[in-house]
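Engineer: Next comes protein-v3.csv, CSV, C-alpha atoms and all ligand atoms:
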```csv
chain,number,residue,atom,x,y,z
A,1,MET,CA,-74.4,-30.2,21.2
A,2,LYS,CA,-72.8,-33.6,21.9
A,3,LYS,CA,-74.0,-36.2,24.3
A,4,SER,CA,-72.2,-37.5,27.4
A,5,GLY,CA,-72.7,-39.7,30.4
A,6,PHE,CA,-71.5,-42.4,32.7
A,7,VAL,CA,-72.3,-46.1,32.1
A,8,ALA,CA,-71.6,-48.9,34.7
A,9,ILE,CA,-70.8,-52.4,33.6
A,10,VAL,CA,-72.0,-55.0,36.1
A,11,GLY,CA,-72.5,-58.7,36.3
A,12,ARG,CA,-71.3,-62.0,37.8
A,13,PRO,CA,-67.6,-62.8,37.6
A,14,ASN,CA,-66.2,-64.0,34.3
A,15,VAL,CA,-69.1,-62.9,32.1
A,16,GLY,CA,-66.8,-60.6,30.0
A,17,LYS,CA,-67.2,-57.1,31.5
A,18,SER,CA,-63.6,-56.1,31.1
A,19,THR,CA,-63.3,-57.7,27.7
A,20,LEU,CA,-66.2,-55.6,26.5
A,21,MET,CA,-64.7,-52.4,27.9
A,22,ASN,CA,-61.4,-53.1,26.3
A,23,ARG,CA,-63.1,-53.9,23.0
A,24,ILE,CA,-65.0,-50.6,23.0
A,25,ILE,CA,-62.0,-48.4,23.5
A,26,GLY,CA,-59.7,-50.6,21.4
A,27,GLN,CA,-57.0,-51.0,24.0
A,28,LYS,CA,-56.2,-53.3,26.9
A,29,ILE,CA,-56.8,-51.2,30.0
A,30,ALA,CA,-58.7,-53.7,32.2
A,31,ILE,CA,-57.0,-57.1,32.6
A,32,THR,CA,-59.0,-60.2,31.8
A,33,SER,CA,-58.7,-63.9,32.5
A,34,LYS,CA,-60.6,-67.2,32.5
A,35,LYS,CA,-60.5,-67.1,36.3
A,36,PRO,CA,-63.5,-65.4,38.1
A,37,GLN,CA,-62.8,-62.3,40.2
A,38,THR,CA,-60.1,-60.9,37.9
A,39,THR,CA,-61.1,-57.2,38.3
A,40,ARG,CA,-60.7,-55.8,41.8
A,41,ASN,CA,-61.2,-52.0,41.3
A,42,GLN,CA,-63.6,-49.6,39.6
A,43,ILE,CA,-61.8,-48.9,36.3
A,44,ARG,CA,-62.9,-46.0,34.1
A,45,THR,CA,-62.4,-45.8,30.4
A,46,VAL,CA,-63.5,-43.1,28.0
A,47,TYR,CA,-65.0,-43.6,24.6
A,48,THR,CA,-65.3,-40.5,22.4
A,49,SER,CA,-66.9,-40.4,19.0
A,50,ASP,CA,-68.7,-37.8,16.8
A,51,GLU,CA,-71.8,-38.4,18.8
A,52,GLY,CA,-70.3,-37.7,22.2
A,53,GLN,CA,-68.5,-39.2,25.1
A,54,ILE,CA,-69.2,-42.3,27.2
A,55,VAL,CA,-67.4,-42.9,30.4
A,56,PHE,CA,-67.5,-46.6,31.2
A,57,VAL,CA,-67.1,-47.9,34.7
A,58,ASP,CA,-65.9,-51.5,34.9
A,59,THR,CA,-66.6,-53.3,38.2
A,60,PRO,CA,-65.5,-56.4,40.0
A,61,GLY,CA,-67.9,-59.3,39.4
A,62,VAL,CA,-70.7,-59.2,42.0
A,63,ILE,CA,-69.7,-61.6,44.7
A,64,LYS,CA,-70.2,-62.6,48.4
A,65,SER,CA,-67.3,-61.1,50.3
A,66,LYS,CA,-65.0,-63.5,52.2
A,67,ASN,CA,-62.3,-61.1,53.4
A,68,LYS,CA,-61.3,-57.4,53.6
A,69,LEU,CA,-60.3,-57.4,49.9
A,70,GLY,CA,-63.8,-58.8,49.1
A,71,ASP,CA,-65.4,-56.0,51.1
A,72,TYR,CA,-63.5,-53.5,49.0
A,73,MET,CA,-64.5,-55.2,45.8
A,74,VAL,CA,-68.2,-55.2,46.8
A,75,GLY,CA,-67.9,-51.6,47.8
A,76,ALA,CA,-66.3,-50.7,44.4
A,77,THR,CA,-69.3,-52.3,42.6
A,78,SER,CA,-72.1,-50.7,44.7
A,79,SER,CA,-70.6,-47.2,44.5
A,80,ALA,CA,-70.1,-47.6,40.7
A,81,VAL,CA,-73.8,-48.0,40.0
A,82,LYS,CA,-74.8,-45.0,42.1
A,83,ASP,CA,-74.1,-42.0,40.0
A,84,VAL,CA,-74.4,-43.3,36.5
A,85,ASP,CA,-76.8,-42.6,33.6
A,86,LEU,CA,-77.1,-46.1,32.5
A,87,ILE,CA,-76.3,-49.6,33.7
A,88,LEU,CA,-75.2,-52.5,31.4
A,89,TRP,CA,-75.9,-55.8,33.0
A,90,LEU,CA,-73.8,-58.5,31.3
A,91,VAL,CA,-74.8,-62.1,31.5
A,92,GLU,CA,-73.8,-65.5,30.1
A,93,PRO,CA,-75.9,-66.8,27.1
A,94,SER,CA,-78.2,-69.2,29.0
A,95,ASP,CA,-81.7,-69.5,30.2
A,96,TYR,CA,-80.6,-70.8,33.6
A,97,ILE,CA,-80.7,-67.9,36.0
A,98,GLY,CA,-78.8,-68.7,39.1
A,99,GLU,CA,-78.9,-67.3,42.6
A,100,GLY,CA,-76.1,-64.8,41.8
A,101,ASP,CA,-78.0,-63.3,38.8
A,102,LYS,CA,-81.3,-63.3,40.8
A,103,ALA,CA,-79.6,-61.3,43.5
A,104,ILE,CA,-78.3,-58.8,41.0
A,105,ALA,CA,-81.8,-58.4,39.5
A,106,GLU,CA,-83.1,-57.6,43.0
A,107,LYS,CA,-80.6,-54.8,43.4
A,108,LEU,CA,-81.1,-53.4,40.0
A,109,LYS,CA,-84.9,-53.4,40.2
A,110,ASN,CA,-84.6,-50.8,43.0
A,111,SER,CA,-82.3,-48.6,41.0
A,112,LYS,CA,-83.7,-45.5,39.2
A,113,VAL,CA,-81.2,-45.8,36.4
A,114,PRO,CA,-82.3,-47.6,33.2
A,115,VAL,CA,-80.8,-51.1,32.8
A,116,VAL,CA,-79.7,-52.6,29.5
A,117,LEU,CA,-79.4,-56.4,29.6
A,118,VAL,CA,-76.3,-57.4,27.5
A,119,ILE,CA,-76.2,-61.1,26.6
A,120,ASN,CA,-72.5,-61.8,25.9
A,121,LYS,CA,-70.6,-64.6,24.3
A,122,LEU,CA,-72.9,-64.8,21.4
A,123,ASP,CA,-70.1,-66.6,19.5
A,124,THR,CA,-70.5,-69.6,21.7
A,125,ILE,CA,-74.2,-70.4,21.0
A,126,LYS,CA,-76.7,-71.1,18.2
A,127,LYS,CA,-77.9,-67.6,17.3
A,128,SER,CA,-81.6,-68.8,17.2
A,129,ASP,CA,-81.3,-69.7,20.9
A,130,VAL,CA,-80.8,-66.1,22.0
A,131,ILE,CA,-84.6,-65.5,21.9
A,132,ILE,CA,-85.0,-68.2,24.6
A,133,PHE,CA,-82.4,-66.5,26.9
A,134,MET,CA,-84.0,-63.0,26.3
A,135,ASP,CA,-87.4,-64.4,27.4
A,136,ALA,CA,-85.9,-66.0,30.5
A,137,TYR,CA,-84.4,-62.8,31.7
A,138,ARG,CA,-87.5,-60.7,30.8
A,139,LYS,CA,-89.4,-62.8,33.3
A,140,ILE,CA,-87.2,-61.6,36.2
A,141,MET,CA,-87.3,-57.9,35.5
A,142,ASP,CA,-88.0,-55.1,33.0
A,143,PHE,CA,-85.2,-53.9,30.9
A,144,ALA,CA,-84.8,-50.7,28.9
A,145,GLU,CA,-83.4,-52.9,26.1
A,146,ILE,CA,-81.8,-56.3,25.6
A,147,VAL,CA,-78.7,-56.5,23.3
A,148,PRO,CA,-76.9,-59.7,22.4
A,149,ILE,CA,-73.2,-59.3,21.6
A,150,SER,CA,-69.9,-61.0,21.5
A,151,ALA,CA,-67.3,-58.8,23.3
A,152,PHE,CA,-64.6,-61.2,22.2
A,153,LYS,CA,-65.4,-61.1,18.5
A,154,GLY,CA,-66.8,-57.5,18.6
A,155,GLU,CA,-70.1,-58.7,17.2
A,156,ASN,CA,-73.0,-56.2,17.6
A,157,VAL,CA,-70.9,-53.9,19.8
A,158,ASP,CA,-71.6,-51.0,17.4
A,159,GLU,CA,-75.3,-51.6,17.9
A,160,LEU,CA,-74.7,-51.5,21.7
A,161,ILE,CA,-72.9,-48.2,21.4
A,162,LYS,CA,-75.9,-46.8,19.5
A,163,VAL,CA,-78.3,-48.0,22.2
A,164,ILE,CA,-76.1,-46.4,24.9
A,165,PHE,CA,-76.1,-43.0,23.2
A,166,SER,CA,-79.9,-43.2,22.8
A,167,TYR,CA,-80.1,-43.1,26.6
A,168,LEU,CA,-77.6,-40.3,27.2
A,169,LYS,CA,-78.5,-36.6,27.2
A,170,GLU,CA,-76.7,-33.6,25.8
A,171,GLY,CA,-73.9,-32.6,28.1
A,172,PRO,CA,-70.2,-31.6,28.5
A,173,TYR,CA,-67.3,-33.8,28.0
A,174,PHE,CA,-65.7,-35.1,31.3
A,175,PHE,CA,-62.4,-35.9,29.8
A,176,ASP,CA,-60.2,-34.6,26.9
A,177,GLU,CA,-61.1,-36.2,23.6
A,178,ASP,CA,-57.9,-38.2,23.4
A,179,THR,CA,-58.1,-39.6,27.0
A,180,ILE,CA,-59.0,-43.3,27.2
A,181,THR,CA,-58.7,-44.0,30.9
A,182,ASP,CA,-58.3,-42.4,34.3
A,183,GLN,CA,-56.0,-45.2,35.4
A,184,PRO,CA,-52.3,-44.1,35.9
A,185,SER,CA,-49.9,-46.1,33.8
A,186,ARG,CA,-48.2,-47.3,37.0
A,187,GLN,CA,-51.5,-49.0,38.0
A,188,ILE,CA,-52.0,-50.5,34.6
A,189,ALA,CA,-48.5,-51.9,34.6
A,190,ALA,CA,-49.1,-53.5,38.0
A,191,GLU,CA,-52.4,-55.0,36.7
A,192,LEU,CA,-50.7,-56.4,33.6
A,193,ILE,CA,-48.3,-58.2,35.8
A,194,ARG,CA,-51.1,-59.6,38.0
A,195,GLU,CA,-52.9,-60.7,34.8
A,196,LYS,CA,-50.0,-62.8,33.8
A,197,ALA,CA,-49.9,-64.4,37.3
A,198,LEU,CA,-53.6,-65.1,37.0
A,199,ARG,CA,-53.2,-66.7,33.6
A,200,LEU,CA,-50.1,-68.7,34.4
A,201,LEU,CA,-50.7,-69.9,37.9
A,202,ASP,CA,-53.1,-72.6,39.1
A,203,LYS,CA,-56.0,-72.6,41.4
A,204,GLU,CA,-56.2,-70.3,44.4
A,205,ILE,CA,-52.7,-68.8,44.4
A,206,PRO,CA,-53.4,-66.0,41.9
A,207,HIS,CA,-56.4,-64.8,43.9
A,208,GLY,CA,-54.0,-64.1,46.9
A,209,ILE,CA,-51.7,-62.0,44.8
A,210,ALA,CA,-51.2,-58.2,44.8
A,211,VAL,CA,-48.7,-56.4,42.7
A,212,VAL,CA,-46.9,-53.2,43.8
A,213,ILE,CA,-44.7,-51.0,41.5
A,214,ASP,CA,-41.7,-50.0,43.5
A,215,VAL,CA,-39.9,-48.0,40.9
A,216,MET,CA,-40.9,-46.7,37.4
A,217,GLN,CA,-38.4,-44.5,35.8
A,218,TYR,CA,-37.7,-43.3,32.3
A,219,ARG,CA,-34.2,-42.9,31.0
A,220,LYS,CA,-32.4,-42.5,27.7
A,221,THR,CA,-29.9,-45.2,26.9
A,222,SER,CA,-26.4,-44.4,25.4
A,223,SER,CA,-27.8,-45.0,22.0
A,224,GLY,CA,-30.5,-42.3,22.6
A,225,GLN,CA,-33.4,-44.8,22.9
A,226,GLY,CA,-35.9,-44.3,25.7
A,227,ILE,CA,-36.5,-47.0,28.2
A,228,TYR,CA,-38.6,-47.5,31.4
A,229,ASP,CA,-36.9,-49.2,34.3
A,230,ILE,CA,-39.6,-50.9,36.4
A,231,ASP,CA,-39.2,-52.8,39.7
A,232,ALA,CA,-42.3,-54.5,40.9
A,233,THR,CA,-43.1,-56.8,43.8
A,234,ILE,CA,-45.6,-59.7,43.7
A,235,ILE,CA,-47.1,-60.1,47.1
A,236,CYS,CA,-48.4,-63.5,48.0
A,237,GLU,CA,-50.0,-65.1,51.1
A,238,ARG,CA,-47.7,-68.0,52.0
A,239,ASP,CA,-44.1,-69.2,51.7
A,240,SER,CA,-45.3,-72.2,49.8
A,241,HIS,CA,-47.0,-69.8,47.2
A,242,LYS,CA,-43.8,-67.9,46.9
A,243,GLY,CA,-42.0,-71.0,45.8
A,244,ILE,CA,-44.6,-71.8,43.2
A,245,ILE,CA,-44.6,-68.2,41.8
A,246,ILE,CA,-40.8,-68.3,41.4
A,247,GLY,CA,-40.9,-71.8,40.0
A,248,LYS,CA,-38.1,-74.3,39.3
A,249,GLY,CA,-34.9,-72.4,38.6
A,250,GLY,CA,-37.0,-69.2,38.5
A,251,GLN,CA,-38.8,-70.3,35.4
A,252,MET,CA,-42.3,-69.2,36.4
A,253,LEU,CA,-41.3,-65.7,37.5
A,254,LYS,CA,-39.3,-65.3,34.3
A,255,LYS,CA,-42.3,-66.2,32.2
A,256,ILE,CA,-44.6,-63.9,34.2
A,257,GLY,CA,-42.0,-61.1,33.6
A,258,GLN,CA,-41.6,-61.8,29.9
A,259,ASP,CA,-45.3,-61.8,29.2
A,260,ALA,CA,-45.9,-58.7,31.3
A,261,ARG,CA,-43.1,-56.8,29.7
A,262,ILE,CA,-44.5,-57.3,26.2
A,263,ASP,CA,-47.9,-55.9,27.3
A,264,ILE,CA,-46.4,-53.0,29.3
A,265,GLU,CA,-44.2,-52.1,26.3
A,266,LYS,CA,-47.3,-51.9,24.1
A,267,MET,CA,-49.1,-49.8,26.7
A,268,MET,CA,-46.2,-47.4,27.3
A,269,GLU,CA,-45.0,-47.4,23.6
A,270,THR,CA,-41.4,-47.7,24.7
A,271,LYS,CA,-38.9,-50.4,25.7
A,272,VAL,CA,-39.3,-51.7,29.3
A,273,ASN,CA,-36.7,-53.2,31.6
A,274,LEU,CA,-38.8,-55.1,34.1
A,275,HIS,CA,-37.5,-56.6,37.4
A,276,LEU,CA,-39.8,-58.7,39.5
A,277,PHE,CA,-39.5,-59.6,43.2
A,278,VAL,CA,-41.7,-61.8,45.3
A,279,LYS,CA,-42.7,-61.2,49.0
A,280,VAL,CA,-44.9,-63.0,51.5
A,281,LYS,CA,-47.4,-61.1,53.6
A,282,ASN,CA,-49.3,-63.7,55.5
A,283,ASN,CA,-53.1,-63.5,54.9
A,284,TRP,CA,-52.9,-59.9,53.6
A,285,ARG,CA,-56.4,-60.1,52.2
A,286,ASP,CA,-57.7,-60.2,55.8
A,287,SER,CA,-55.9,-57.1,56.9
A,288,ASP,CA,-57.6,-53.8,56.4
A,289,TYR,CA,-54.2,-52.1,56.6
A,290,LEU,CA,-52.4,-54.2,54.0
A,291,VAL,CA,-55.4,-54.2,51.6
A,292,LYS,CA,-55.3,-50.4,51.6
A,293,ASN,CA,-51.5,-50.4,51.4
A,294,PHE,CA,-51.6,-52.5,48.2
A,295,GLY,CA,-53.8,-49.9,46.6
A,296,TYR,CA,-57.3,-51.1,47.3
A,297,LYS,CA,-58.8,-48.0,48.8
A,298,ASN,CA,-62.1,-46.4,48.1
A,299,ASP,CA,-61.5,-42.8,47.5
A,300,ASP,CA,-65.1,-42.0,46.6
A,301,LYS,CA,-64.3,-40.6,43.3
B,401,LIG,N1,-66.1,-66.9,23.7
B,401,LIG,C1,-66.2,-65.7,24.3
B,401,LIG,N2,-65.4,-65.5,25.4
B,401,LIG,C2,-65.5,-64.3,26.0
B,401,LIG,C3,-66.3,-63.3,25.5
B,401,LIG,N3,-66.2,-62.2,26.3
B,401,LIG,C4,-65.3,-62.6,27.3
B,401,LIG,N4,-64.9,-63.8,27.1
B,401,LIG,C5,-63.9,-64.6,28.0
B,401,LIG,O1,-64.5,-64.8,29.3
B,401,LIG,C6,-63.4,-64.7,30.2
B,401,LIG,C7,-63.7,-63.7,31.3
B,401,LIG,O2,-63.6,-62.4,30.7
B,401,LIG,P1,-63.4,-61.0,31.6
B,401,LIG,O3,-63.5,-59.9,30.7
B,401,LIG,O4,-62.1,-61.2,32.4
B,401,LIG,O5,-64.6,-61.2,32.6
B,401,LIG,P2,-65.1,-60.2,33.7
B,401,LIG,O6,-66.6,-60.2,33.7
B,401,LIG,O7,-64.4,-58.9,33.6
B,401,LIG,O8,-64.6,-61.0,35.0
B,401,LIG,P3,-64.3,-60.4,36.5
B,401,LIG,O9,-63.3,-59.3,36.4
B,401,LIG,O10,-63.7,-61.7,37.1
B,401,LIG,O11,-65.6,-60.1,37.1
B,401,LIG,C8,-62.1,-64.5,29.5
B,401,LIG,O12,-61.4,-65.7,29.3
B,401,LIG,C9,-62.6,-63.9,28.1
B,401,LIG,O13,-61.7,-64.1,27.1
B,401,LIG,C10,-67.1,-63.5,24.3
B,401,LIG,O14,-67.8,-62.7,23.8
B,401,LIG,N5,-67.0,-64.8,23.8
B,402,MG,MG,-63.2,-57.9,34.9
```
Please rewrite the model in this file as structure tokens.
Ligand SMILES: Nc1nc2c(ncn2[C@@H]2O[C@H](COP(=O)(O)OP(=O)(O)OP(=O)(O)O)[C@@H](O)[C@H]2O)c(=O)[nH]1
Ligand SMILES: [Mg+2]
Structural biologist:
Amino acid sequence: MKKSGFVAIVGRPNVGKSTLMNRIIGQKIAITSKKPQTTRNQIRTVYTSDEGQIVFVDTPGVIKSKNKLGDYMVGATSSAVKDVDLILWLVEPSDYIGEGDKAIAEKLKNSKVPVVLVINKLDTIKKSDVIIFMDAYRKIMDFAEIVPISAFKGENVDELIKVIFSYLKEGPYFFDEDTITDQPSRQIAAELIREKALRLLDKEIPHGIAVVIDVMQYRKTSSGQGIYDIDATIICERDSHKGIIIGKGGQMLKKIGQDARIDIEKMMETKVNLHLFVKVKNNWRDSDYLVKNFGYKNDDK
């Protein structure tokens, strides 16, 4: 009999949660960036091996909510840790434990689910220092295990998988063996466009962006090759932001489109013809209605 279970990945923004999840399944499903608060939804991915199946639930970095979108993100994180078999708490490699991490510890202490502390970004520190960081975290709560890794380089990730399986019980598979995510390709395409905006634009602008796919259609060209026609709209909060997203002579929008197309083609394994549009919806992040309209709804899955 094989093992199976659900594992939530939690932690402060920017610690590498989405990078770890992509590394484990070997594909880019969750977008990543240097800017905090990249992930907005619960994203599930599926890892299946000879030993069994692990369903990972990536979450938005734990934050204090400032608007309706923030409320949604906080909700996505707290519901993710409810019905799981194990929690991975990712942290930066440091012995400084800030208010954000202390607040996470307080929440996790009350949870009945075992917590594995994962010290990420091992590639950025002197290996011998990791003991100091382990001791610092051990002082604030008890962990089932502590595993240092580098999600970026893939270091010690195999060991982490072994540790995860040791906490899972025998059980049925939740997804087909060849499934890697429950995210529809439409949604991944929208996220890949948002990722390019996050990476290419400065400061606060990308945080006020949502991306909606208007059309996604497959057709055969006259030469018999398959192609996806995708029309997508980038929604931003102000007219001045729209100008920046389009850029001088349309250069910025063109760059976002080019970079996104390459990734979407990889994901879809076909050619893609991508058209981007930009629309302003004033302060949409404060509107319950618009936040839901742009796909940020809790469906209690
Ligand atoms: N050097 C190094 N950088 C890493 C590692 N893991 C992640 N990063 C970088 O850290 C940044 C944040 O990574 P993400 O995976 O987007 O972080 P996240 O925790 O999902 O962030 P949010 O979605 O904002 O909560 C990116 O620039 C990654 O390339 C690592 O092991 N080593
Ligand atoms: Mg993320």
Engineer: Considering all atoms listed in the file, give me a table of residues in chain A that are at most 7 Å from ligand LIG 401 (chain B), with the closest atom pair and distance in Å for each, as JSON lines.
Structural biologist:
```
{"residue": "A:Gly11", "atom": "CA", "partner": "B:LIG401", "partner_atom": "O6", "distance": 6.6}
{"residue": "A:Arg12", "atom": "CA", "partner": "B:LIG401", "partner_atom": "O11", "distance": 6.0}
{"residue": "A:Pro13", "atom": "CA", "partner": "B:LIG401", "partner_atom": "O11", "distance": 3.4}
{"residue": "A:Asn14", "atom": "CA", "partner": "B:LIG401", "partner_atom": "O8", "distance": 3.5}
{"residue": "A:Val15", "atom": "CA", "partner": "B:LIG401", "partner_atom": "O6", "distance": 4.0}
{"residue": "A:Gly16", "atom": "CA", "partner": "B:LIG401", "partner_atom": "O3", "distance": 3.4}
{"residue": "A:Lys17", "atom": "CA", "partner": "B:LIG401", "partner_atom": "O6", "distance": 3.8}
{"residue": "A:Ser18", "atom": "CA", "partner": "B:LIG401", "partner_atom": "O3", "distance": 3.8}
{"residue": "A:Thr19", "atom": "CA", "partner": "B:LIG401", "partner_atom": "O3", "distance": 3.7}
{"residue": "A:Leu20", "atom": "CA", "partner": "B:LIG401", "partner_atom": "O3", "distance": 6.6}
{"residue": "A:Ile31", "atom": "CA", "partner": "B:LIG401", "partner_atom": "O4", "distance": 6.5}
{"residue": "A:Thr32", "atom": "CA", "partner": "B:LIG401", "partner_atom": "O4", "distance": 3.3}
{"residue": "A:Ser33", "atom": "CA", "partner": "B:LIG401", "partner_atom": "O4", "distance": 4.3}
{"residue": "A:Lys34", "atom": "CA", "partner": "B:LIG401", "partner_atom": "O12", "distance": 3.6}
{"residue": "A:Lys35", "atom": "CA", "partner": "B:LIG401", "partner_atom": "O10", "distance": 6.3}
{"residue": "A:Pro36", "atom": "CA", "partner": "B:LIG401", "partner_atom": "O10", "distance": 3.8}
{"residue": "A:Gln37", "atom": "CA", "partner": "B:LIG401", "partner_atom": "O10", "distance": 3.3}
{"residue": "A:Thr38", "atom": "CA", "partner": "B:LIG401", "partner_atom": "O10", "distance": 3.8}
{"residue": "A:Thr39", "atom": "CA", "partner": "B:LIG401", "partner_atom": "O9", "distance": 3.6}
{"residue": "A:Arg40", "atom": "CA", "partner": "B:LIG401", "partner_atom": "O9", "distance": 6.9}
{"residue": "A:Thr59", "atom": "CA", "partner": "B:LIG401", "partner_atom": "O11", "distance": 7.0}
{"residue": "A:Pro60", "atom": "CA", "partner": "B:LIG401", "partner_atom": "O11", "distance": 4.7}
{"residue": "A:Gly61", "atom": "CA", "partner": "B:LIG401", "partner_atom": "O11", "distance": 3.3}
{"residue": "A:Asn120", "atom": "CA", "partner": "B:LIG401", "partner_atom": "O14", "distance": 5.2}
{"residue": "A:Lys121", "atom": "CA", "partner": "B:LIG401", "partner_atom": "O14", "distance": 3.4}
{"residue": "A:Leu122", "atom": "CA", "partner": "B:LIG401", "partner_atom": "O14", "distance": 6.0}
{"residue": "A:Asp123", "atom": "CA", "partner": "B:LIG401", "partner_atom": "N5", "distance": 5.6}
{"residue": "A:Thr124", "atom": "CA", "partner": "B:LIG401", "partner_atom": "N1", "distance": 5.5}
{"residue": "A:Ile149", "atom": "CA", "partner": "B:LIG401", "partner_atom": "O14", "distance": 6.7}
{"residue": "A:Ser150", "atom": "CA", "partner": "B:LIG401", "partner_atom": "O14", "distance": 3.5}
{"residue": "A:Ala151", "atom": "CA", "partner": "B:LIG401", "partner_atom": "O14", "distance": 4.0}
{"residue": "A:Phe152", "atom": "CA", "partner": "B:LIG401", "partner_atom": "O14", "distance": 3.9}
{"residue": "A:Lys153", "atom": "CA", "partner": "B:LIG401", "partner_atom": "O14", "distance": 6.0}
```
Engineer: Near region 281-293 of chain A, within 12 Å and counting all atoms listed in the file, which residues show up once chain neighbours fewer than 3 positions away are dropped, as JSON, numbers by chain?
Structural biologist: {"A": [40, 41, 65, 66, 67, 68, 69, 70, 71, 72, 73, 205, 207, 208, 209, 210, 211, 212, 233, 234, 235, 236, 237, 238, 239, 240, 241, 242, 278, 296, 297, 298, 299]}
Engineer: Just give me the gap between CA of Ala76 (chain A) and CA of Ile24 (chain A) in Å, one decimal is fine.
Structural biologist: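 Taking CA of Ala76 (chain A) and CA of Ile24 (chain A), their separation equals 21.4 Å.
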Engineer: What's around Gly100 (chain A) at 9 Å? Count only C-alpha atoms, leave out sequence neighbours fewer than 3 positions away in its own chain, and write the answer as a list in words.
Structural biologist: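 Near Gly100 (chain A), the qualifying residues are Gly11, Arg12, Val62, Ile63, Ile97, Ala103, Ile104 and Ala105 of chain A.
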Engineer: From the options A:Leu274, A:Ile140, A:Val157, A:Ile230, which residue's atoms come nearest to Ile119 (chain A), counting all atoms listed in the file?
Structural biologist: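 Result for the nearest residue to Ile119 (chain A): A:Val157.
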Engineer: Taking into account all atoms listed in the file, which residue in the set A:Gly154, A:Gly52, A:Gly5, A:Gly98 is nearest to Leu86 (chain A)?
Structural biologist: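 Under the stated criterion, the closest residue is A:Gly5.
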Engineer: Taking every listed atom of region 280-291 of chain A and adding 3 Å to each side, what centre and edge lengths in Å (one decimal) does the axis-aligned box have, as lines of an AutoDock Vina configuration file?
Structural biologist:
```
center_x = -51.3
center_y = -57.9
center_z = 54.2
size_x = 18.8
size_y = 17.6
size_z = 11.4
```
Engineer: Using only C-alpha atoms and all ligand atoms, pick whichever of A:Leu90, A:Ile54, A:Ile227, A:Val130 has the shortest atom-to-atom distance to ligand MG 402 (chain B).
Structural biologist: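 Among the listed residues, the smallest separation from ligand MG 402 (chain B) belongs to A:Leu90.
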Engineer: Which residues of region 47-146 of chain A sit at most 10 Å from region 163-175 of chain A, using only C-alpha atoms? Give each one's shortest atom pair and distance in Å (one decimal place), in chain and ascending residue order, as a Markdown table.
Structural biologist:
```
| residue | atom | partner | partner_atom | distance |
| --- | --- | --- | --- | --- |
| A:Tyr47 | CA | A:Phe175 | CA | 9.6 |
| A:Thr48 | CA | A:Tyr173 | CA | 9.0 |
| A:Glu51 | CA | A:Phe165 | CA | 7.7 |
| A:Gly52 | CA | A:Tyr173 | CA | 7.6 |
| A:Gln53 | CA | A:Tyr173 | CA | 6.2 |
| A:Ile54 | CA | A:Phe165 | CA | 8.0 |
| A:Val55 | CA | A:Phe174 | CA | 8.0 |
| A:Asp85 | CA | A:Leu168 | CA | 6.8 |
| A:Leu86 | CA | A:Tyr167 | CA | 7.3 |
| A:Ile87 | CA | A:Ile164 | CA | 9.4 |
| A:Leu88 | CA | A:Ile164 | CA | 9.0 |
| A:Pro114 | CA | A:Tyr167 | CA | 8.3 |
| A:Val116 | CA | A:Ile164 | CA | 8.5 |
| A:Ala144 | CA | A:Tyr167 | CA | 9.2 |
| A:Glu145 | CA | A:Val163 | CA | 8.1 |
| A:Ile146 | CA | A:Val163 | CA | 9.6 |
```
Engineer: What's around Ala190 (chain A) at 12 Å? Count all atoms listed in the file, leave out sequence neighbours fewer than 5 positions away in its own chain, and write the answer as a VMD selection string.
Structural biologist: chain A and resid 29 to 31 183 to 185 195 to 197 209 to 216 230 to 235 256 to 257 260 to 261 263 to 264 267 274 276 294 to 295
Engineer: Just how far from CA of Met252 (chain A) is CA of Asp229 (chain A), in Å to one decimal?
Structural biologist: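 According to the coordinates, CA of Asp229 (chain A) and CA of Met252 (chain A) are separated by 20.8 Å.
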Engineer: Is there a way to complete region 109-117 of chain A with N, CA and C atoms and then write that out as a compact mmCIF listing (two decimals), keeping the file's coordinate frame?
Structural biologist:
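File selection21.txt, as written:
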```txt
# COMPACT_ATOMS: atom_id res chain seq x y z
N LYS A 109 -83.46 -53.77 40.30
CA LYS A 109 -84.90 -53.40 40.20
C LYS A 109 -85.14 -52.11 41.03
N ASN A 110 -84.41 -51.94 42.13
CA ASN A 110 -84.60 -50.80 43.00
C ASN A 110 -83.87 -49.53 42.50
N SER A 111 -83.08 -49.70 41.45
CA SER A 111 -82.30 -48.60 41.00
C SER A 111 -83.15 -47.70 40.05
N LYS A 112 -82.94 -46.38 40.10
CA LYS A 112 -83.70 -45.50 39.20
C LYS A 112 -83.11 -45.38 37.85
N VAL A 113 -81.93 -45.96 37.70
CA VAL A 113 -81.20 -45.80 36.40
C VAL A 113 -81.68 -46.93 35.47
N PRO A 114 -81.88 -46.58 34.18
CA PRO A 114 -82.30 -47.60 33.20
C PRO A 114 -81.22 -48.72 33.10
N VAL A 115 -81.69 -49.96 32.92
CA VAL A 115 -80.80 -51.10 32.80
C VAL A 115 -80.90 -51.76 31.45
N VAL A 116 -79.77 -51.89 30.77
CA VAL A 116 -79.70 -52.60 29.50
C VAL A 116 -79.15 -54.00 29.78
N LEU A 117 -79.89 -55.05 29.41
CA LEU A 117 -79.40 -56.40 29.60
C LEU A 117 -78.50 -56.72 28.35
```
